[in-house]
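**Student:** The following block contains the structure, expressed as structure tokens.
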Amino acid sequence: MIRVTEQESTYHHIDQMSVLEILQGINKEDQTVPLAVEKAIPQLEKLAVAVTERMKTGGRLFYIGAGTSGRLGVVDASECPPTFGVPFDWVVGIIAGGDTAIRRAVENAEDDAEQAWIDLQKYEINEKDSLIGLAASGTTPYVVGGLNTARQHGVLTGCIVCNAGGPIAAESDFPVEIVVGPEFLTGSTRMKSGTAQKLALNMLSTTVMIKLGRVKGNKMVDMQLTNHKLVDRGTQMVMKELNIDYAKAEDLLLRYGSVRKAVEAGSK
């Protein structure tokens, strides 16, 4: 495989650039990322369809990764319950080195090819579930090992990587390869590669949740009402759906706990 993520930056002497030149260079590179993601949409489509079908039968979605990739998986998983009102164990993000590694690098954690399956067993992962490996390099042993063992146990496997043809893609039933090219800062995959993975995760989880019925029209009707902003947003939705005033809409929303349930109750 060609390690595009490790290739030298096309920008030289960036340490001698002005602040403006640095910012402009990073921005210019960032603009190429959505185009790379676009090329991977056919792969993302296959993965999203497969994951959705598994979850319709009671399966869950797991992410595993190390470093930036692992953190992005944790972020995406943690945002699904408040956004879509799903249980906290529907989408699970696991990072090499455990929760400590979310804020502080854990030495050699990504090099342990056995640990991912040990981590996944804590959740009793099974053949109904889907496992997505996240790694810019496409080679992280933690992810390779986890996917390999999961596959042997009938778990659906996929990945989001930024090099083509690596061992992680080889262990994936549905690989997604987003090749964004060399980073502005040589090898710093927290930049374009991380952005590409974040975009792909947004696309994947949002698409899956929509197809699972967690969205109505274009609204987050099952979102958790965890602060005043979200209560106000939900109240506005109920007002519009039922054509009632703010006070009545807010009362319904707080009484029933979600936009969906409030609208259903108010429509009777």
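Each chain in the structure tokens gets a letter, A, B and so on, in the order shown; residues start at 1 in every chain, and ligands are counted from 1 in the order they appear.
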Taking the chain letters and numbering used in this document, name the residues of region 7-215 of chain A that DSSP puts in strand (DSSP E or B), as a list in words.

**Tutor:** Leu61, Phe62, Tyr63, Ile64, Gly65, Val91, Val92, Gly93, Ile94, Ile95, Ser130, Leu131, Ile132, Gly133, Leu134, Ala135, Leu156, Thr157, Gly158, Cys159, Ile160, Val161, Phe174, Pro175, Val176 and Glu177 of chain A

**Student:** Counting only C-alpha atoms, which residues of region 126-236 of chain A fall within 9 Å of region 4-21 of chain A, and what is the closest atom pair for each with its distance in Å at one decimal, ordered by chain and rising number, as a Markdown table?

**Tutor:**
| residue | atom | partner | partner_atom | distance |
| --- | --- | --- | --- | --- |
| A:Ala136 | CA | A:Thr5 | CA | 7.3 |
| A:Ser137 | CA | A:Thr5 | CA | 6.5 |
| A:Cys162 | CA | A:Thr5 | CA | 7.0 |
| A:Asn163 | CA | A:Val4 | CA | 6.1 |
| A:Ala164 | CA | A:Val4 | CA | 8.6 |
| A:Val179 | CA | A:Val4 | CA | 7.5 |
| A:Val180 | CA | A:Thr5 | CA | 7.9 |
| A:Gly181 | CA | A:Val4 | CA | 5.7 |
| A:Pro182 | CA | A:Thr5 | CA | 5.3 |
| A:Glu183 | CA | A:Ser9 | CA | 5.7 |
| A:Phe184 | CA | A:Ser9 | CA | 5.3 |
| A:Leu185 | CA | A:Ser9 | CA | 6.0 |
| A:Thr186 | CA | A:Ser9 | CA | 4.9 |
| A:Gly187 | CA | A:Glu6 | CA | 4.8 |
| A:Ser188 | CA | A:Thr5 | CA | 8.1 |
| A:Thr189 | CA | A:Thr5 | CA | 6.8 |
| A:Ser193 | CA | A:Thr5 | CA | 7.8 |

**Student:** Grab the CA of Ile160 (chain A) to CA of Lys216 (chain A) distance for me, in Å with one decimal place.

**Tutor:** 28.0 Å

**Student:** I need the residue nearest Asn218 (chain A) from this list: A:Asp232, A:Tyr123, A:Val37, A:Met237. Use only C-alpha atoms for the distance.

**Tutor:**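 Result for the nearest residue to Asn218 (chain A): A:Met237.
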
**Student:** Rank A:Lys128, A:Lys28, A:Lys211, A:Arg190 by their smallest atom-to-atom distance to Thr68 (chain A), using only C-alpha atoms, and report the top residue only.

**Tutor:**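 Of A:Lys128, A:Lys28, A:Lys211, A:Arg190, the one nearest Thr68 (chain A), counting only C-alpha atoms, is A:Arg190.
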